[in-house]
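This report concerns only the one structure given below.
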Amino acid sequence: MHRRTDDLRILQTRPLVPPAILHEELPITDAVSENVYVARRAVADVLHGRDRRMVAVVGPCSIHDVDAARAYAERLKGIAERVAGRVVVLMRAYFEKPRTSVGWKGLINDPDLDETFQVNKGLRLARRLLLDVNAMGLPTGSEFLDLQIPQHIADVTAWVAIGARTTESQVHRELASGLSMPVGFKNSTEGNLTPAVDAVQAARSQHWFPSVTKQGVGAIFQTTGNPDCHIILRGGARTGPNYDEDHVARACGLLEKKGLPARVMVDCSHGNSHKDHRRQAEVLDEVCRQLRAGTSGLMGVMIESHLVEGRQDPASGGPLVFGQSVTDACVGIEETEAMLLRLADALA
């Protein structure tokens with residue numbers, strides 16, 4: 001008897017739009033490519049100390065409503081222009097949501113928030129939004145979770161994070177080694193810095209790995225290595241917050257021992273705020289204090305922010321509040337403006 005041994009737990013498959021087709025449907029313009037190029041260069045210059053500004057990745061925990069995201073981008077663009085001389089502002093445009101167990105996995109995976117998983121629709125919504133936001137002159141930063149998604153949207157992304165749950169992943173380090181933009185690796189969910197430092201070192205090296213081309217064909221890629229990688233301090237369940245002067249100095253010391261740029265980004269949310277969005281301002285104010293004291297190891301911050309403060313539960317069944325997060329709670333746009341202005345003042 002020939003027993004079936006493959007796809008025993010696969011219920012169905014759907015075709016995935018090839019990246020090349022999506023790029024043809026929604027092509028990058030000259031203006032958008034220039035905006036992405038300039039932002040990538042600015043972030044790299046800040047990381048390597050060639051630019052004295054700070055980087056601020058600011059925006060919703062995850063995007064669930066592209067209209068609200070565009071409205072947010074319009075507000076953030078005005079703020080970004082006010083602080084441009086001291087802060088390089090990128091809009092946080094996260095379309096994939098890593099989960100500890102289960103839950104909504106983001107706009108690309110489930111754009112209608114109803115478990116219909118219209119992934120091709122999600123990809124088109126995400127790419128169109130990135131094109132629109134960049135066309136405003138506001139660059140974007142994302143988190144890459146699935147290894148095929150970068151082929152669809154990487155060309156319109158200026159900076160990328162590798163999350164705390166995937167920093168130790170070999171395939172994500174290999175991916176980062178071939179990405180065309182600066183990449184930030186978060187410390188582990190427990191707060192351990194070593195995996196993030198190791199990831200930066202690994203991503204600087206050449207790698208060979210299997211993936212898919214823009215045409216959706218399997219291939220083996222050789223990378224050059226990415227010199228524009230850094231770590232992100234996001235606190236941890238075991239270590240607690242790690243944004244104070246001692247933690248920053250320790251992180252920079254670990255990087256320096258490896259011959260890596262001794263510069264770190266601080267995530268004002270997650271473990272550093274004890275998962276209380278209202279405490280993000282406290283984290284930022286400590287970063288500002290360190291900047292005024294002359295700390296040289298800080299290169300950027302992350303802030304979870306939306307039009308409306310707080311969060312809402314899409315499972316409640318009622319109408320959603322326009323511009324309020326459905327995942328982690330965020331600070332509102334007014335508080336965001338005040339925080340970025342304080343950051344700019346600290347760099348005066």
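Here, A, B, ... name the chains of the structure tokens in the order displayed, residue numbers run from 1 inside each chain, and ligands are numbered from 1 in the same displayed order.
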Contacts of Pro261 (chain A) at 12 Å (only C-alpha atoms; same-chain gap of 2+ positions) as a ChimeraX atom specification: /A:44-50,197,200-201,204,227-231,251-259,263-265,296-299
So which residues touch Glu190 (chain A) within 9 Å, counting only C-alpha atoms, skipping near sequence neighbours fewer than 2 positions away, as a PyMOL selection string? chain A and resi 164+187-188+192+235-240
Filtering to N, CA and C atoms, could you give me those residues as an mmCIF file, in the first residue's frame?
data_model
loop_
_atom_site.group_PDB
_atom_site.id
_atom_site.type_symbol
_atom_site.label_atom_id
_atom_site.label_comp_id
_atom_site.auth_asym_id
_atom_site.auth_seq_id
_atom_site.Cartn_x
_atom_site.Cartn_y
_atom_site.Cartn_z
ATOM 1 N N ALA A 164 11.474 40.937 18.427
ATOM 2 C CA ALA A 164 12.098 40.226 19.541
ATOM 3 C C ALA A 164 11.953 38.715 19.412
ATOM 4 N N ASN A 187 16.122 43.330 21.184
ATOM 5 C CA ASN A 187 16.546 42.334 22.166
ATOM 6 C C ASN A 187 15.411 41.339 22.411
ATOM 7 N N SER A 188 15.729 40.211 22.999
ATOM 8 C CA SER A 188 14.741 39.144 23.176
ATOM 9 C C SER A 188 13.598 39.600 24.079
ATOM 10 N N ASN A 192 17.274 39.775 26.956
ATOM 11 C CA ASN A 192 18.666 39.426 26.665
ATOM 12 C C ASN A 192 19.165 40.204 25.452
ATOM 13 N N GLY A 235 13.280 46.570 26.381
ATOM 14 C CA GLY A 235 12.934 46.017 27.680
ATOM 15 C C GLY A 235 12.677 44.529 27.585
ATOM 16 N N GLY A 236 12.395 43.908 28.741
ATOM 17 C CA GLY A 236 12.166 42.478 28.721
ATOM 18 C C GLY A 236 11.392 41.991 29.928
ATOM 19 N N ALA A 237 10.782 40.823 29.775
ATOM 20 C CA ALA A 237 9.979 40.254 30.852
ATOM 21 C C ALA A 237 10.834 39.910 32.066
ATOM 22 N N ARG A 238 12.093 39.538 31.835
ATOM 23 C CA ARG A 238 12.975 39.159 32.945
ATOM 24 C C ARG A 238 13.797 40.345 33.440
ATOM 25 N N THR A 239 14.307 41.143 32.533
ATOM 26 C CA THR A 239 15.217 42.231 32.914
ATOM 27 C C THR A 239 14.499 43.519 33.274
ATOM 28 N N GLY A 240 13.244 43.669 32.816
ATOM 29 C CA GLY A 240 12.543 44.930 32.988
ATOM 30 C C GLY A 240 13.009 45.958 31.967
#
Give me, as a list of chain:residue names, all polymer residues having an atom no more than 6 Å from Ala56 (chain A), counting only C-alpha atoms and skipping those fewer than 6 positions away in the same chain.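 Surrounding residues, per the criterion: A:Val89, A:Gly300, A:Val301, A:Met302.
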Test item: residues at most 9 Å from Glu74 (chain A), only C-alpha atoms, excluding those fewer than 3 positions along its chain, as a count of residues only: 8
Determine which residues of region 2-162 of chain A DSSP labels as strand (DSSP E) from the backbone of this structure, then write them out as a PyMOL selection string. chain A and resi 54-59+87-92+140-143+159-162
Next, dump the selected residues to file, keeping only C-alpha atoms, as a PDB file, in the first residue's frame.
ATOM      1  CA  MET A  54      18.257  61.167  15.835  1.00  0.00           C
ATOM      2  CA  VAL A  55      15.954  58.722  14.060  1.00  0.00           C
ATOM      3  CA  ALA A  56      12.338  58.466  15.250  1.00  0.00           C
ATOM      4  CA  VAL A  57      10.154  55.595  14.009  1.00  0.00           C
ATOM      5  CA  VAL A  58       6.673  56.749  14.942  1.00  0.00           C
ATOM      6  CA  GLY A  59       3.245  55.348  14.175  1.00  0.00           C
ATOM      7  CA  VAL A  87      15.137  64.356  13.929  1.00  0.00           C
ATOM      8  CA  VAL A  88      14.737  61.990  10.967  1.00  0.00           C
ATOM      9  CA  VAL A  89      11.097  60.914  11.265  1.00  0.00           C
ATOM     10  CA  LEU A  90       9.872  57.677   9.680  1.00  0.00           C
ATOM     11  CA  MET A  91       6.268  56.562   9.885  1.00  0.00           C
ATOM     12  CA  ARG A  92       5.876  53.176  11.507  1.00  0.00           C
ATOM     13  CA  THR A 140       8.253  54.510   6.281  1.00  0.00           C
ATOM     14  CA  GLY A 141       9.595  51.725   8.467  1.00  0.00           C
ATOM     15  CA  SER A 142       8.167  48.224   8.788  1.00  0.00           C
ATOM     16  CA  GLU A 143       8.761  44.908  10.523  1.00  0.00           C
ATOM     17  CA  TRP A 159      14.039  50.970   7.488  1.00  0.00           C
ATOM     18  CA  VAL A 160      13.102  47.577   8.885  1.00  0.00           C
ATOM     19  CA  ALA A 161      12.840  45.971  12.317  1.00  0.00           C
ATOM     20  CA  ILE A 162      13.336  42.325  13.113  1.00  0.00           C
TER      21      ILE A 162
END
In Å, rounded to a single decimal, give me how far CA of Thr336 (chain A) is from CA of Glu309 (chain A).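 Those two atoms sit 9.9 Å apart.
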Which residue of A:Ala73, A:Ala293, A:Leu26, A:Ala202 approaches Phe185 (chain A) most closely, using only C-alpha atoms: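 Of A:Ala73, A:Ala293, A:Leu26, A:Ala202, the one nearest Phe185 (chain A), counting only C-alpha atoms, is A:Ala202.
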Please identify all polymer residues within 10 Å of Ile333 (chain A), counting only C-alpha atoms, omitting same-chain residues fewer than 4 positions from it, and present them as a ChimeraX atom specification. /A:59,72,75-76,79,305-309,323,337-339
Written selection (C-alpha atoms) as a PDB file, in the first residue's frame:
ATOM      1  CA  GLY A  59       3.245  55.348  14.175  1.00  0.00           C
ATOM      2  CA  TYR A  72      -2.209  59.938  10.426  1.00  0.00           C
ATOM      3  CA  ARG A  75      -0.547  64.887  10.538  1.00  0.00           C
ATOM      4  CA  LEU A  76       2.851  63.287  11.149  1.00  0.00           C
ATOM      5  CA  ILE A  79       5.353  67.438  12.665  1.00  0.00           C
ATOM      6  CA  SER A 305       1.308  56.438  18.174  1.00  0.00           C
ATOM      7  CA  HIS A 306      -2.008  56.923  16.371  1.00  0.00           C
ATOM      8  CA  LEU A 307      -4.579  59.638  15.830  1.00  0.00           C
ATOM      9  CA  VAL A 308      -6.542  58.624  18.947  1.00  0.00           C
ATOM     10  CA  GLU A 309      -4.996  57.536  22.237  1.00  0.00           C
ATOM     11  CA  GLY A 323      -7.606  56.259  14.030  1.00  0.00           C
ATOM     12  CA  GLU A 337       3.867  66.033  18.592  1.00  0.00           C
ATOM     13  CA  ALA A 338       4.877  67.123  22.093  1.00  0.00           C
ATOM     14  CA  MET A 339       7.255  64.170  22.435  1.00  0.00           C
TER      15      MET A 339
END
Non-local contacts of Lys97 (chain A) (9 Å; only C-alpha atoms; under 4 positions in same chain excluded) as a VMD selection string: chain A and resid 61 to 62 103 to 107 109 143 145 327
Given only C-alpha atoms as the counted atoms, nearest of A:Ala249, A:Ile63, A:Ala199, A:Leu175 to Leu113 (chain A): A:Ile63
Distance of CA of Val266 (chain A) from CA of Leu233 (chain A), expressed in Å to one decimal place: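 Between CA of Leu233 (chain A) and CA of Val266 (chain A) the gap is 4.9 Å.
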Judged by only C-alpha atoms, the minimum distance to Gly216 (chain A) among A:His152, A:Lys121, A:Arg41, A:Arg278 is found for A:His152
Counting only C-alpha atoms, figure out which residue out of A:Gly85, A:Asp65, A:Ser180, A:Val283 gets nearest to Asp51 (chain A).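 Among A:Gly85, A:Asp65, A:Ser180, A:Val283, it is A:Gly85 that comes nearest to Asp51 (chain A).
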Expected answer as a PDB file with C-alpha atoms, in the first residue's frame: alpha helix (DSSP H) residues in region 294-346 of chain A:
ATOM      1  CA  ILE A 333      -1.157  62.506  17.801  1.00  0.00           C
ATOM      2  CA  GLU A 334      -1.071  65.556  20.102  1.00  0.00           C
ATOM      3  CA  GLU A 335       1.117  63.746  22.628  1.00  0.00           C
ATOM      4  CA  THR A 336       3.253  62.486  19.737  1.00  0.00           C
ATOM      5  CA  GLU A 337       3.867  66.033  18.592  1.00  0.00           C
ATOM      6  CA  ALA A 338       4.877  67.123  22.093  1.00  0.00           C
ATOM      7  CA  MET A 339       7.255  64.170  22.435  1.00  0.00           C
ATOM      8  CA  LEU A 340       8.990  64.812  19.110  1.00  0.00           C
ATOM      9  CA  LEU A 341       9.370  68.499  19.909  1.00  0.00           C
ATOM     10  CA  ARG A 342      11.001  67.609  23.238  1.00  0.00           C
ATOM     11  CA  LEU A 343      13.349  65.225  21.434  1.00  0.00           C
ATOM     12  CA  ALA A 344      14.309  67.956  18.975  1.00  0.00           C
ATOM     13  CA  ASP A 345      14.913  70.412  21.832  1.00  0.00           C
ATOM     14  CA  ALA A 346      17.187  67.912  23.572  1.00  0.00           C
TER      15      ALA A 346
END
